[in-house]
>>> print(open('query-v4.cif').read())   # mmCIF, C-alpha atoms and all ligand atoms
data_upload
loop_
_atom_site.group_PDB
_atom_site.id
_atom_site.type_symbol
_atom_site.label_atom_id
_atom_site.label_comp_id
_atom_site.auth_asym_id
_atom_site.auth_seq_id
_atom_site.Cartn_x
_atom_site.Cartn_y
_atom_site.Cartn_z
ATOM 1 C CA MET A 1 111.809 -74.055 126.254
ATOM 2 C CA LYS A 2 113.606 -76.550 124.034
ATOM 3 C CA ASN A 3 113.195 -79.385 126.529
ATOM 4 C CA SER A 4 109.452 -78.832 126.664
ATOM 5 C CA VAL A 5 108.843 -80.135 123.128
ATOM 6 C CA ALA A 6 108.017 -83.565 124.531
ATOM 7 C CA LYS A 7 105.146 -82.316 126.719
ATOM 8 C CA ALA A 8 101.506 -81.978 125.722
ATOM 9 C CA GLN A 9 100.346 -78.382 125.851
ATOM 10 C CA PRO A 10 96.997 -77.332 127.235
ATOM 11 C CA LEU A 11 94.720 -76.754 124.308
ATOM 12 C CA PRO A 12 92.720 -73.519 124.173
ATOM 13 C CA ASN A 13 89.022 -74.016 123.588
ATOM 14 C CA ILE A 14 89.315 -73.334 119.852
ATOM 15 C CA SER A 15 86.990 -74.824 117.273
ATOM 16 C CA LEU A 16 86.836 -74.451 113.504
ATOM 17 C CA LYS A 17 84.265 -71.671 114.040
ATOM 18 C CA ASP A 18 87.029 -69.560 115.572
ATOM 19 C CA VAL A 19 89.079 -69.655 112.389
ATOM 20 C CA GLY A 20 87.755 -67.155 109.868
ATOM 21 C CA GLY A 21 88.399 -66.647 106.182
ATOM 22 C CA LEU A 22 89.128 -70.252 105.258
ATOM 23 C CA GLY A 23 86.629 -70.228 102.415
ATOM 24 C CA ASP A 24 83.872 -72.786 101.874
ATOM 25 C CA GLU A 25 85.961 -75.158 99.779
ATOM 26 C CA MET A 26 88.801 -75.435 102.270
ATOM 27 C CA LYS A 27 86.402 -75.723 105.214
ATOM 28 C CA GLU A 28 84.676 -78.607 103.429
ATOM 29 C CA GLU A 29 88.010 -80.307 102.721
ATOM 30 C CA ILE A 30 89.087 -79.956 106.334
ATOM 31 C CA LEU A 31 85.765 -81.306 107.584
ATOM 32 C CA GLN A 32 86.035 -84.292 105.250
ATOM 33 C CA THR A 33 89.586 -84.937 106.427
ATOM 34 C CA LEU A 34 88.429 -84.785 110.033
ATOM 35 C CA THR A 35 85.605 -87.207 109.302
ATOM 36 C CA THR A 36 88.019 -89.769 107.877
ATOM 37 C CA LEU A 37 90.103 -89.461 111.045
ATOM 38 C CA LYS A 38 87.128 -89.675 113.398
ATOM 39 C CA ASP A 39 85.461 -92.542 111.555
ATOM 40 C CA LYS A 40 88.583 -94.382 110.508
ATOM 41 C CA GLU A 41 87.021 -97.842 110.223
ATOM 42 C CA ARG A 42 84.338 -96.679 107.809
ATOM 43 C CA ALA A 43 86.860 -94.660 105.806
ATOM 44 C CA LEU A 44 89.135 -97.698 105.473
ATOM 45 C CA LYS A 45 86.202 -99.874 104.376
ATOM 46 C CA LEU A 46 85.500 -97.348 101.666
ATOM 47 C CA GLY A 47 89.090 -97.411 100.574
ATOM 48 C CA ILE A 48 90.021 -94.020 102.013
ATOM 49 C CA LYS A 49 93.246 -93.829 103.939
ATOM 50 C CA PRO A 50 93.011 -91.242 106.713
ATOM 51 C CA PRO A 51 95.880 -88.765 106.489
ATOM 52 C CA LYS A 52 98.968 -89.140 108.655
ATOM 53 C CA GLY A 53 100.410 -85.737 107.933
ATOM 54 C CA ILE A 54 99.040 -82.354 106.893
ATOM 55 C CA LEU A 55 100.921 -79.266 105.776
ATOM 56 C CA LEU A 56 99.512 -75.776 106.290
ATOM 57 C CA TYR A 57 101.339 -73.144 104.304
ATOM 58 C CA GLY A 58 100.826 -69.453 103.801
ATOM 59 C CA PRO A 59 101.881 -65.992 104.973
ATOM 60 C CA PRO A 60 102.507 -65.239 108.667
ATOM 61 C CA GLY A 61 99.542 -64.590 110.921
ATOM 62 C CA THR A 62 96.882 -66.228 108.746
ATOM 63 C CA GLY A 63 95.763 -68.693 111.410
ATOM 64 C CA LYS A 64 97.813 -71.821 110.728
ATOM 65 C CA THR A 65 98.521 -72.397 114.426
ATOM 66 C CA LEU A 66 94.912 -71.605 115.255
ATOM 67 C CA LEU A 67 93.728 -74.129 112.673
ATOM 68 C CA ALA A 68 96.045 -76.831 114.037
ATOM 69 C CA GLN A 69 94.628 -76.193 117.518
ATOM 70 C CA ALA A 70 91.068 -76.333 116.182
ATOM 71 C CA ILE A 71 91.781 -79.647 114.428
ATOM 72 C CA ALA A 72 93.268 -81.130 117.622
ATOM 73 C CA HIS A 73 90.252 -79.905 119.536
ATOM 74 C CA GLU A 74 87.782 -81.425 117.050
ATOM 75 C CA LEU A 75 89.674 -84.743 117.317
ATOM 76 C CA ASN A 76 89.723 -84.550 121.095
ATOM 77 C CA ALA A 77 93.457 -85.068 120.854
ATOM 78 C CA SER A 78 96.313 -84.028 123.071
ATOM 79 C CA PHE A 79 98.412 -81.305 121.471
ATOM 80 C CA PHE A 80 102.197 -81.387 121.173
ATOM 81 C CA SER A 81 103.537 -78.224 119.674
ATOM 82 C CA ALA A 82 107.060 -77.081 118.842
ATOM 83 C CA SER A 83 108.797 -74.689 116.525
ATOM 84 C CA GLY A 84 111.105 -76.196 113.903
ATOM 85 C CA SER A 85 113.939 -74.081 115.278
ATOM 86 C CA ALA A 86 113.671 -75.877 118.649
ATOM 87 C CA PHE A 87 115.386 -78.859 116.963
ATOM 88 C CA ASN A 88 118.370 -76.932 115.649
ATOM 89 C CA GLU A 89 121.348 -77.837 117.763
ATOM 90 C CA LEU A 90 125.070 -77.474 117.515
ATOM 91 C CA PHE A 91 125.799 -80.983 118.710
ATOM 92 C CA VAL A 92 125.221 -83.842 116.322
ATOM 93 C CA GLY A 93 122.362 -86.100 117.399
ATOM 94 C CA VAL A 94 120.677 -83.744 119.869
ATOM 95 C CA GLY A 95 118.026 -82.510 117.419
ATOM 96 C CA ALA A 96 117.334 -86.097 116.312
ATOM 97 C CA SER A 97 116.874 -87.302 119.871
ATOM 98 C CA ARG A 98 114.512 -84.412 120.492
ATOM 99 C CA VAL A 99 112.415 -85.491 117.479
ATOM 100 C CA ARG A 100 112.336 -89.049 118.835
ATOM 101 C CA SER A 101 111.266 -87.897 122.319
ATOM 102 C CA LEU A 102 108.486 -85.818 120.818
ATOM 103 C CA PHE A 103 106.984 -88.742 118.894
ATOM 104 C CA GLN A 104 107.459 -91.117 121.837
ATOM 105 C CA ALA A 105 105.658 -88.726 124.184
ATOM 106 C CA ALA A 106 102.795 -88.233 121.709
ATOM 107 C CA ARG A 107 102.385 -92.008 121.232
ATOM 108 C CA LYS A 108 101.812 -92.303 124.982
ATOM 109 C CA GLN A 109 98.945 -89.815 124.848
ATOM 110 C CA ARG A 110 96.928 -90.815 121.827
ATOM 111 C CA PRO A 111 94.942 -89.538 120.135
ATOM 112 C CA ALA A 112 97.519 -86.827 119.646
ATOM 113 C CA VAL A 113 98.344 -84.039 117.255
ATOM 114 C CA ILE A 114 101.995 -83.146 116.783
ATOM 115 C CA PHE A 115 102.199 -79.594 115.473
ATOM 116 C CA ILE A 116 105.475 -78.185 114.183
ATOM 117 C CA ASP A 117 105.445 -74.521 113.259
ATOM 118 C CA GLU A 118 108.184 -73.097 111.007
ATOM 119 C CA VAL A 119 108.845 -76.628 109.843
ATOM 120 C CA ASP A 120 111.236 -75.264 107.173
ATOM 121 C CA ALA A 121 113.802 -74.858 109.977
ATOM 122 C CA LEU A 122 113.639 -78.616 110.492
ATOM 123 C CA ALA A 123 112.652 -80.054 107.120
ATOM 124 C CA GLY A 124 114.325 -77.608 104.761
ATOM 125 C CA ARG A 125 115.957 -78.908 101.580
ATOM 126 C CA ARG A 126 118.970 -80.975 102.519
ATOM 127 C CA LYS A 127 121.342 -78.929 100.409
ATOM 128 C CA ALA A 128 120.135 -75.611 101.811
ATOM 129 C CA HIS A 129 119.891 -77.043 105.305
ATOM 130 C CA GLY A 130 123.536 -77.999 105.433
ATOM 131 C CA GLY A 131 125.474 -79.569 108.233
ATOM 132 C CA GLU A 132 125.547 -83.054 109.641
ATOM 133 C CA GLU A 133 123.311 -82.150 112.568
ATOM 134 C CA GLY A 134 120.527 -80.718 110.375
ATOM 135 C CA GLU A 135 120.736 -83.758 108.108
ATOM 136 C CA LYS A 136 120.466 -86.188 111.020
ATOM 137 C CA THR A 137 117.514 -84.342 112.517
ATOM 138 C CA LEU A 138 115.612 -84.384 109.232
ATOM 139 C CA THR A 139 116.402 -88.073 108.696
ATOM 140 C CA GLU A 140 115.056 -88.837 112.169
ATOM 141 C CA LEU A 141 111.874 -86.898 111.419
ATOM 142 C CA LEU A 142 111.375 -88.964 108.254
ATOM 143 C CA VAL A 143 111.987 -92.180 110.199
ATOM 144 C CA GLN A 144 109.428 -91.182 112.829
ATOM 145 C CA LEU A 145 106.869 -90.173 110.194
ATOM 146 C CA ASP A 146 107.347 -93.588 108.558
ATOM 147 C CA GLY A 147 106.518 -95.316 111.859
ATOM 148 C CA GLY A 148 103.613 -97.294 110.363
ATOM 149 C CA HIS A 149 101.172 -98.629 112.962
ATOM 150 C CA SER A 150 103.147 -97.074 115.782
ATOM 151 C CA ASN A 151 101.720 -93.782 114.476
ATOM 152 C CA ASP A 152 98.090 -94.885 114.670
ATOM 153 C CA GLY A 153 96.149 -92.183 116.472
ATOM 154 C CA ILE A 154 98.830 -89.580 115.730
ATOM 155 C CA LEU A 155 98.207 -86.743 113.304
ATOM 156 C CA PHE A 156 101.248 -84.739 112.280
ATOM 157 C CA ILE A 157 100.572 -81.119 111.278
ATOM 158 C CA ALA A 158 103.337 -78.887 109.991
ATOM 159 C CA ALA A 159 103.159 -75.196 109.152
ATOM 160 C CA THR A 160 105.411 -72.975 107.100
ATOM 161 C CA ASN A 161 105.589 -69.657 105.308
ATOM 162 C CA ARG A 162 108.144 -71.212 102.925
ATOM 163 C CA LYS A 163 106.751 -74.335 101.311
ATOM 164 C CA ASP A 164 109.286 -73.886 98.494
ATOM 165 C CA MET A 165 112.101 -74.489 101.004
ATOM 166 C CA LEU A 166 110.880 -77.912 102.108
ATOM 167 C CA ASP A 167 112.701 -81.128 101.295
ATOM 168 C CA GLU A 168 110.843 -83.236 98.709
ATOM 169 C CA ALA A 169 111.332 -86.367 100.797
ATOM 170 C CA PHE A 170 109.430 -84.723 103.655
ATOM 171 C CA LEU A 171 106.526 -83.823 101.357
ATOM 172 C CA ARG A 172 106.065 -87.362 100.071
ATOM 173 C CA PRO A 173 102.531 -88.863 100.521
ATOM 174 C CA GLY A 174 102.440 -91.090 103.576
ATOM 175 C CA ARG A 175 104.397 -88.385 105.365
ATOM 176 C CA ILE A 176 102.462 -85.334 104.186
ATOM 177 C CA ASP A 177 99.174 -86.437 102.622
ATOM 178 C CA PHE A 178 97.478 -83.051 102.268
ATOM 179 C CA SER A 179 98.776 -79.553 101.810
ATOM 180 C CA PHE A 180 96.392 -76.716 102.604
ATOM 181 C CA HIS A 181 97.150 -73.186 101.484
ATOM 182 C CA VAL A 182 96.117 -70.673 104.156
ATOM 183 C CA PRO A 183 96.204 -67.341 102.325
ATOM 184 C CA LEU A 184 95.678 -63.767 103.455
ATOM 185 C CA PRO A 185 91.933 -63.348 103.850
ATOM 186 C CA ASP A 186 89.821 -61.695 101.128
ATOM 187 C CA THR A 187 87.105 -59.153 102.013
ATOM 188 C CA LYS A 188 84.591 -61.848 103.013
ATOM 189 C CA GLY A 189 87.261 -63.604 105.068
ATOM 190 C CA ARG A 190 88.264 -60.373 106.796
ATOM 191 C CA ARG A 191 84.609 -59.734 107.633
ATOM 192 C CA GLU A 192 84.414 -63.179 109.268
ATOM 193 C CA ILE A 193 87.619 -62.590 111.223
ATOM 194 C CA ILE A 194 86.431 -59.131 112.307
ATOM 195 C CA ASP A 195 83.238 -60.778 113.584
ATOM 196 C CA ILE A 196 85.260 -63.344 115.534
ATOM 197 C CA HIS A 197 87.479 -60.731 117.196
ATOM 198 C CA SER A 198 84.838 -58.069 117.819
ATOM 199 C CA LYS A 199 82.474 -60.572 119.433
ATOM 200 C CA GLY A 200 82.253 -60.136 123.182
ATOM 201 C CA LYS A 201 83.686 -56.611 123.071
ATOM 202 C CA ALA A 202 81.632 -53.541 123.943
ATOM 203 C CA ILE A 203 81.491 -51.579 120.708
ATOM 204 C CA ALA A 204 79.640 -48.332 119.917
ATOM 205 C CA LYS A 205 76.714 -48.684 117.490
ATOM 206 C CA ASP A 206 78.213 -46.484 114.764
ATOM 207 C CA VAL A 207 81.405 -48.593 114.836
ATOM 208 C CA LEU A 208 79.395 -51.802 114.634
ATOM 209 C CA THR A 209 77.576 -50.564 111.555
ATOM 210 C CA SER A 210 80.891 -49.645 109.918
ATOM 211 C CA LEU A 211 82.456 -53.115 110.160
ATOM 212 C CA ASP A 212 81.613 -54.024 106.527
ATOM 213 C CA GLY A 213 83.570 -50.943 105.470
ATOM 214 C CA LEU A 214 86.421 -51.937 107.779
ATOM 215 C CA ALA A 215 86.624 -55.328 106.061
ATOM 216 C CA GLU A 216 86.820 -53.595 102.696
ATOM 217 C CA SER A 217 89.462 -51.093 103.750
ATOM 218 C CA THR A 218 91.814 -53.583 105.390
ATOM 219 C CA SER A 219 93.042 -55.282 102.226
ATOM 220 C CA GLY A 220 96.303 -57.132 102.882
ATOM 221 C CA PHE A 221 95.668 -57.458 106.638
ATOM 222 C CA SER A 222 96.270 -60.897 108.121
ATOM 223 C CA GLY A 223 94.019 -62.462 110.754
ATOM 224 C CA ALA A 224 96.694 -61.719 113.347
ATOM 225 C CA GLU A 225 96.651 -58.041 112.371
ATOM 226 C CA LEU A 226 92.854 -57.896 112.594
ATOM 227 C CA PHE A 227 93.105 -59.511 116.022
ATOM 228 C CA SER A 228 95.639 -56.943 117.221
ATOM 229 C CA LEU A 229 93.554 -54.153 115.685
ATOM 230 C CA PHE A 230 90.718 -54.899 118.107
ATOM 231 C CA GLU A 231 93.083 -55.488 121.024
ATOM 232 C CA SER A 232 94.716 -52.151 120.395
ATOM 233 C CA ALA A 233 91.343 -50.365 120.019
ATOM 234 C CA SER A 234 90.143 -51.884 123.326
ATOM 235 C CA ARG A 235 93.300 -50.800 125.141
ATOM 236 C CA HIS A 236 92.996 -47.284 123.711
ATOM 237 C CA ALA A 237 89.371 -47.071 124.880
ATOM 238 C CA VAL A 238 90.310 -48.190 128.401
ATOM 239 C CA ARG A 239 93.218 -45.744 128.561
ATOM 240 C CA ASN A 240 90.838 -42.950 127.648
ATOM 241 C CA GLY A 241 88.218 -43.940 130.206
ATOM 242 C CA ARG A 242 85.648 -45.160 127.707
ATOM 243 C CA ASP A 243 83.310 -48.091 128.307
ATOM 244 C CA MET A 244 83.148 -49.111 124.687
ATOM 245 C CA ILE A 245 85.240 -48.977 121.559
ATOM 246 C CA GLN A 246 84.459 -45.721 119.753
ATOM 247 C CA LYS A 247 85.421 -44.653 116.242
ATOM 248 C CA GLN A 248 88.494 -42.776 117.459
ATOM 249 C CA ASP A 249 89.795 -45.928 119.183
ATOM 250 C CA LEU A 250 89.502 -47.963 116.007
ATOM 251 C CA ASP A 251 91.061 -45.150 113.929
ATOM 252 C CA TYR A 252 93.970 -45.004 116.374
ATOM 253 C CA ALA A 253 94.412 -48.800 116.193
ATOM 254 C CA LEU A 254 94.225 -48.747 112.391
ATOM 255 C CA ASP A 255 96.981 -46.116 112.176
ATOM 256 C CA ARG A 256 99.145 -48.154 114.521
ATOM 257 C CA THR A 257 98.613 -51.405 112.659
ATOM 258 C CA ILE A 258 99.314 -49.818 109.284
ATOM 259 C CA LEU A 259 102.473 -48.132 110.623
ATOM 260 C CA GLY A 260 103.619 -51.331 112.325
ATOM 261 C CA SER A 261 103.308 -53.439 109.196
ATOM 262 C CA THR A 262 106.007 -52.521 106.739
ATOM 263 C CA SER A 263 106.052 -55.894 105.031
ATOM 264 C CA ARG A 264 102.447 -55.982 103.865
ATOM 265 C CA PRO A 265 102.260 -56.703 100.156
ATOM 266 C CA LEU A 266 100.472 -54.057 98.106
ATOM 267 C CA GLN A 267 97.721 -56.213 96.742
ATOM 268 C CA ASP A 268 94.019 -55.920 96.538
ATOM 269 C CA HIS A 269 91.700 -58.611 97.807
HETATM 270 P P1 LIG A 301 102.851 -67.721 111.796
HETATM 271 O O1 LIG A 301 103.009 -68.185 110.365
HETATM 272 O O2 LIG A 301 103.487 -66.390 112.026
HETATM 273 O O3 LIG A 301 103.225 -68.757 112.817
HETATM 274 P P2 LIG A 301 100.043 -68.334 111.969
HETATM 275 O O4 LIG A 301 99.546 -68.444 110.556
HETATM 276 O O5 LIG A 301 100.310 -69.603 112.702
HETATM 277 O O6 LIG A 301 101.294 -67.379 112.012
HETATM 278 P P3 LIG A 301 98.380 -67.705 114.177
HETATM 279 O O7 LIG A 301 99.515 -67.801 115.150
HETATM 280 O O8 LIG A 301 97.406 -68.809 114.146
HETATM 281 O O9 LIG A 301 98.954 -67.466 112.737
HETATM 282 O O10 LIG A 301 97.608 -66.327 114.412
HETATM 283 C C1 LIG A 301 97.866 -65.485 115.530
HETATM 284 C C2 LIG A 301 96.553 -64.976 116.076
HETATM 285 O O11 LIG A 301 95.895 -64.148 115.098
HETATM 286 C C3 LIG A 301 95.546 -66.073 116.384
HETATM 287 O O12 LIG A 301 95.704 -66.579 117.690
HETATM 288 C C4 LIG A 301 94.212 -65.363 116.209
HETATM 289 O O13 LIG A 301 93.889 -64.601 117.344
HETATM 290 C C5 LIG A 301 94.499 -64.381 115.063
HETATM 291 N N1 LIG A 301 94.162 -64.974 113.760
HETATM 292 C C6 LIG A 301 95.038 -65.258 112.752
HETATM 293 N N2 LIG A 301 94.405 -65.799 111.715
HETATM 294 C C7 LIG A 301 93.099 -65.893 112.048
HETATM 295 C C8 LIG A 301 91.939 -66.397 111.393
HETATM 296 N N3 LIG A 301 92.010 -66.907 110.156
HETATM 297 N N4 LIG A 301 90.765 -66.338 112.040
HETATM 298 C C9 LIG A 301 90.676 -65.812 113.280
HETATM 299 N N5 LIG A 301 91.744 -65.313 113.954
HETATM 300 C C10 LIG A 301 92.934 -65.352 113.360
#
>>> encode(input="query-v4.cif", output="structure tokens")
Amino acid sequence: MKNSVAKAQPLPNISLKDVGGLGDEMKEEILQTLTTLKDKERALKLGIKPPKGILLYGPPGTGKTLLAQAIAHELNASFFSASGSAFNELFVGVGASRVRSLFQAARKQRPAVIFIDEVDALAGRRKAHGGEEGEKTLTELLVQLDGGHSNDGILFIAATNRKDMLDEAFLRPGRIDFSFHVPLPDTKGRREIIDIHSKGKAIAKDVLTSLDGLAESTSGFSGAELFSLFESASRHAVRNGRDMIQKQDLDYALDRTILGSTSRPLQDH
């Protein structure tokens, strides 16, 4: 697993349409960012520097990975993805050499997106991070991000649930140019995500007409939980010999999701 960080991963056919609940403002910002990357020459002429690095931060399961995949897809880029913890090593220098290999591999397959999930494990505050190995790995990441023209055609995307843990040096413009907050979806966002994950599934009419209510009653649910809600309802329908998701399947899935999520904040959206 750890050795595979320097290989491009096959990219699922995900576009921005598959990411729900981003809100109009954020969607517009992302589209503008993508335009500056796609039409770099024009952007530069107009004095806009296309971003080199983007940070996506927000609670787990809100679609940060999905969004990174959608961005790579829109840019027609190869996708290199790794978790920050894949660079944590006991032996000094191993994490740093892994960071180097990752950037070298991506440079060979431009345009490329390098996506690092849980980046706090790699770019956490130096003091909190501790240890010579962690320090060296972070320094190497900063060196690679500062690669100048050698990073042309490379977009670095990092994701975290703990933006507050990140080292200030990592967040500096030129390394991270934009930070996007990806929050838990509000009612409208949940309705969009429900649409995305119910599409293509056989669903009874009375359930279909109750989906607005479902969006309202699932306050605090993440996109990942809404996804697993429909997966669980489908499985329950199959197990009970039904050809479509009925109300009892969705009720069963709702109970399971609510029981399974002990960490959901008690907030209204
Ligand atoms: P983590 O912080 O735990 O890494 P994440 O924010 O990267 O989570 P994803 O891994 O992108 O979340 O989400 C997992 C799955 O949940 C997605 O593949 C998708 O099926 C569903 N999902 C999550 N958020 C959304 C969303 N905003 N729109 C549509 N589907 C979503």
>>> resolve_selection(input="query-v4.cif", expression="the PyMOL selection byres (((not hetatm)) within 7 of (chain A and resi 301))", output="MDAnalysis selection string")
chainID A and resid 18:22 58:67 117:118 160:161 193 196 222:225 227
>>> resolve_selection(input="query-v4.cif", expression="the PyMOL selection byres (((chain A and resi 13) around 9) and not hetatm)", output="list in words")
Leu11, Pro12, Ile14, Ser15, Gln69, Ala70 and His73 of chain A
>>> residues_around(input="query-v4.cif", residues="Ala169 in chain A", least_positions_apart="6", cutoff="12 Å", atoms="only C-alpha atoms", output="PyMOL selection string")
chain A and resi 123-126+138-139+141-143+145-146+175-176
>>> residues_near_point(input="query-v4.cif", point="(104.0, -81.3, 106.0)", cutoff="8 Å", atoms="only C-alpha atoms", output="JSON, numbers by chain")
{"A": [53, 54, 55, 56, 119, 156, 157, 158, 159, 170, 171, 175, 176, 177, 178, 179]}
>>> resolve_selection(input="query-v4.cif", expression="the PyMOL selection byres (((chain A and resi 110) around 10) and not hetatm)", output="VMD selection string")
chain A and resid 76 to 79 105 to 109 111 to 113 151 to 155
>>> atom_distance(input="query-v4.cif", atom1="CA of Ala6 in chain A", atom2="CA of Glu41 in chain A")
29.1 Å
>>> build_atoms(input="query-v4.cif", residues="range 190-198 of chain A", atoms="all heavy atoms", output="PDB file, in the coordinates of the input")
ATOM      1  N   ARG A 190      87.956 -61.393 105.775  1.00  0.00           N
ATOM      2  CA  ARG A 190      88.264 -60.373 106.796  1.00  0.00           C
ATOM      3  C   ARG A 190      87.017 -60.029 107.600  1.00  0.00           C
ATOM      4  O   ARG A 190      87.083 -59.815 108.800  1.00  0.00           O
ATOM      5  CB  ARG A 190      88.853 -59.118 106.135  1.00  0.00           C
ATOM      6  CG  ARG A 190      90.234 -59.341 105.545  1.00  0.00           C
ATOM      7  CD  ARG A 190      90.921 -58.026 105.219  1.00  0.00           C
ATOM      8  NE  ARG A 190      90.239 -57.239 104.221  1.00  0.00           N
ATOM      9  CZ  ARG A 190      90.364 -57.402 102.898  1.00  0.00           C
ATOM     10  NH1 ARG A 190      91.162 -58.335 102.424  1.00  0.00           N
ATOM     11  NH2 ARG A 190      89.703 -56.627 102.054  1.00  0.00           N
ATOM     12  N   ARG A 191      85.866 -60.035 106.911  1.00  0.00           N
ATOM     13  CA  ARG A 191      84.609 -59.734 107.633  1.00  0.00           C
ATOM     14  C   ARG A 191      84.350 -60.820 108.682  1.00  0.00           C
ATOM     15  O   ARG A 191      83.939 -60.518 109.803  1.00  0.00           O
ATOM     16  CB  ARG A 191      83.456 -59.656 106.610  1.00  0.00           C
ATOM     17  CG  ARG A 191      82.140 -59.198 107.224  1.00  0.00           C
ATOM     18  CD  ARG A 191      82.275 -57.751 107.713  1.00  0.00           C
ATOM     19  NE  ARG A 191      81.096 -57.279 108.414  1.00  0.00           N
ATOM     20  CZ  ARG A 191      80.893 -57.423 109.721  1.00  0.00           C
ATOM     21  NH1 ARG A 191      81.790 -58.046 110.483  1.00  0.00           N
ATOM     22  NH2 ARG A 191      79.805 -56.948 110.297  1.00  0.00           N
ATOM     23  N   GLU A 192      84.612 -62.071 108.309  1.00  0.00           N
ATOM     24  CA  GLU A 192      84.414 -63.179 109.268  1.00  0.00           C
ATOM     25  C   GLU A 192      85.368 -63.036 110.459  1.00  0.00           C
ATOM     26  O   GLU A 192      84.985 -63.221 111.605  1.00  0.00           O
ATOM     27  CB  GLU A 192      84.730 -64.519 108.588  1.00  0.00           C
ATOM     28  CG  GLU A 192      83.619 -65.069 107.715  1.00  0.00           C
ATOM     29  CD  GLU A 192      84.074 -66.334 106.973  1.00  0.00           C
ATOM     30  OE1 GLU A 192      84.937 -67.083 107.491  1.00  0.00           O
ATOM     31  OE2 GLU A 192      83.566 -66.539 105.870  1.00  0.00           O
ATOM     32  N   ILE A 193      86.617 -62.690 110.143  1.00  0.00           N
ATOM     33  CA  ILE A 193      87.619 -62.590 111.223  1.00  0.00           C
ATOM     34  C   ILE A 193      87.296 -61.395 112.131  1.00  0.00           C
ATOM     35  O   ILE A 193      87.430 -61.468 113.352  1.00  0.00           O
ATOM     36  CB  ILE A 193      89.048 -62.501 110.626  1.00  0.00           C
ATOM     37  CG1 ILE A 193      89.363 -63.786 109.856  1.00  0.00           C
ATOM     38  CG2 ILE A 193      90.090 -62.280 111.719  1.00  0.00           C
ATOM     39  CD1 ILE A 193      90.639 -63.749 109.023  1.00  0.00           C
ATOM     40  N   ILE A 194      86.832 -60.306 111.515  1.00  0.00           N
ATOM     41  CA  ILE A 194      86.431 -59.131 112.307  1.00  0.00           C
ATOM     42  C   ILE A 194      85.291 -59.521 113.249  1.00  0.00           C
ATOM     43  O   ILE A 194      85.275 -59.152 114.426  1.00  0.00           O
ATOM     44  CB  ILE A 194      86.020 -57.970 111.360  1.00  0.00           C
ATOM     45  CG1 ILE A 194      87.270 -57.371 110.708  1.00  0.00           C
ATOM     46  CG2 ILE A 194      85.213 -56.901 112.100  1.00  0.00           C
ATOM     47  CD1 ILE A 194      86.996 -56.402 109.565  1.00  0.00           C
ATOM     48  N   ASP A 195      84.350 -60.303 112.741  1.00  0.00           N
ATOM     49  CA  ASP A 195      83.238 -60.778 113.584  1.00  0.00           C
ATOM     50  C   ASP A 195      83.762 -61.578 114.769  1.00  0.00           C
ATOM     51  O   ASP A 195      83.315 -61.387 115.901  1.00  0.00           O
ATOM     52  CB  ASP A 195      82.343 -61.716 112.747  1.00  0.00           C
ATOM     53  CG  ASP A 195      81.041 -61.034 112.389  1.00  0.00           C
ATOM     54  OD1 ASP A 195      80.781 -59.949 112.923  1.00  0.00           O
ATOM     55  OD2 ASP A 195      80.302 -61.586 111.555  1.00  0.00           O
ATOM     56  N   ILE A 196      84.716 -62.476 114.481  1.00  0.00           N
ATOM     57  CA  ILE A 196      85.260 -63.344 115.534  1.00  0.00           C
ATOM     58  C   ILE A 196      85.921 -62.490 116.619  1.00  0.00           C
ATOM     59  O   ILE A 196      85.719 -62.702 117.812  1.00  0.00           O
ATOM     60  CB  ILE A 196      86.280 -64.347 114.935  1.00  0.00           C
ATOM     61  CG1 ILE A 196      85.543 -65.378 114.082  1.00  0.00           C
ATOM     62  CG2 ILE A 196      87.108 -65.028 116.017  1.00  0.00           C
ATOM     63  CD1 ILE A 196      86.440 -66.246 113.200  1.00  0.00           C
ATOM     64  N   HIS A 197      86.705 -61.483 116.201  1.00  0.00           N
ATOM     65  CA  HIS A 197      87.479 -60.731 117.196  1.00  0.00           C
ATOM     66  C   HIS A 197      86.737 -59.534 117.786  1.00  0.00           C
ATOM     67  O   HIS A 197      87.208 -58.935 118.756  1.00  0.00           O
ATOM     68  CB  HIS A 197      88.833 -60.326 116.615  1.00  0.00           C
ATOM     69  CG  HIS A 197      89.708 -61.516 116.393  1.00  0.00           C
ATOM     70  ND1 HIS A 197      90.090 -62.333 117.427  1.00  0.00           N
ATOM     71  CD2 HIS A 197      90.219 -62.071 115.264  1.00  0.00           C
ATOM     72  CE1 HIS A 197      90.817 -63.333 116.943  1.00  0.00           C
ATOM     73  NE2 HIS A 197      90.898 -63.196 115.635  1.00  0.00           N
ATOM     74  N   SER A 198      85.599 -59.166 117.213  1.00  0.00           N
ATOM     75  CA  SER A 198      84.838 -58.069 117.819  1.00  0.00           C
ATOM     76  C   SER A 198      83.761 -58.622 118.758  1.00  0.00           C
ATOM     77  O   SER A 198      83.235 -57.894 119.593  1.00  0.00           O
ATOM     78  CB  SER A 198      84.209 -57.187 116.724  1.00  0.00           C
ATOM     79  OG  SER A 198      83.368 -57.954 115.897  1.00  0.00           O
TER      80      SER A 198
END
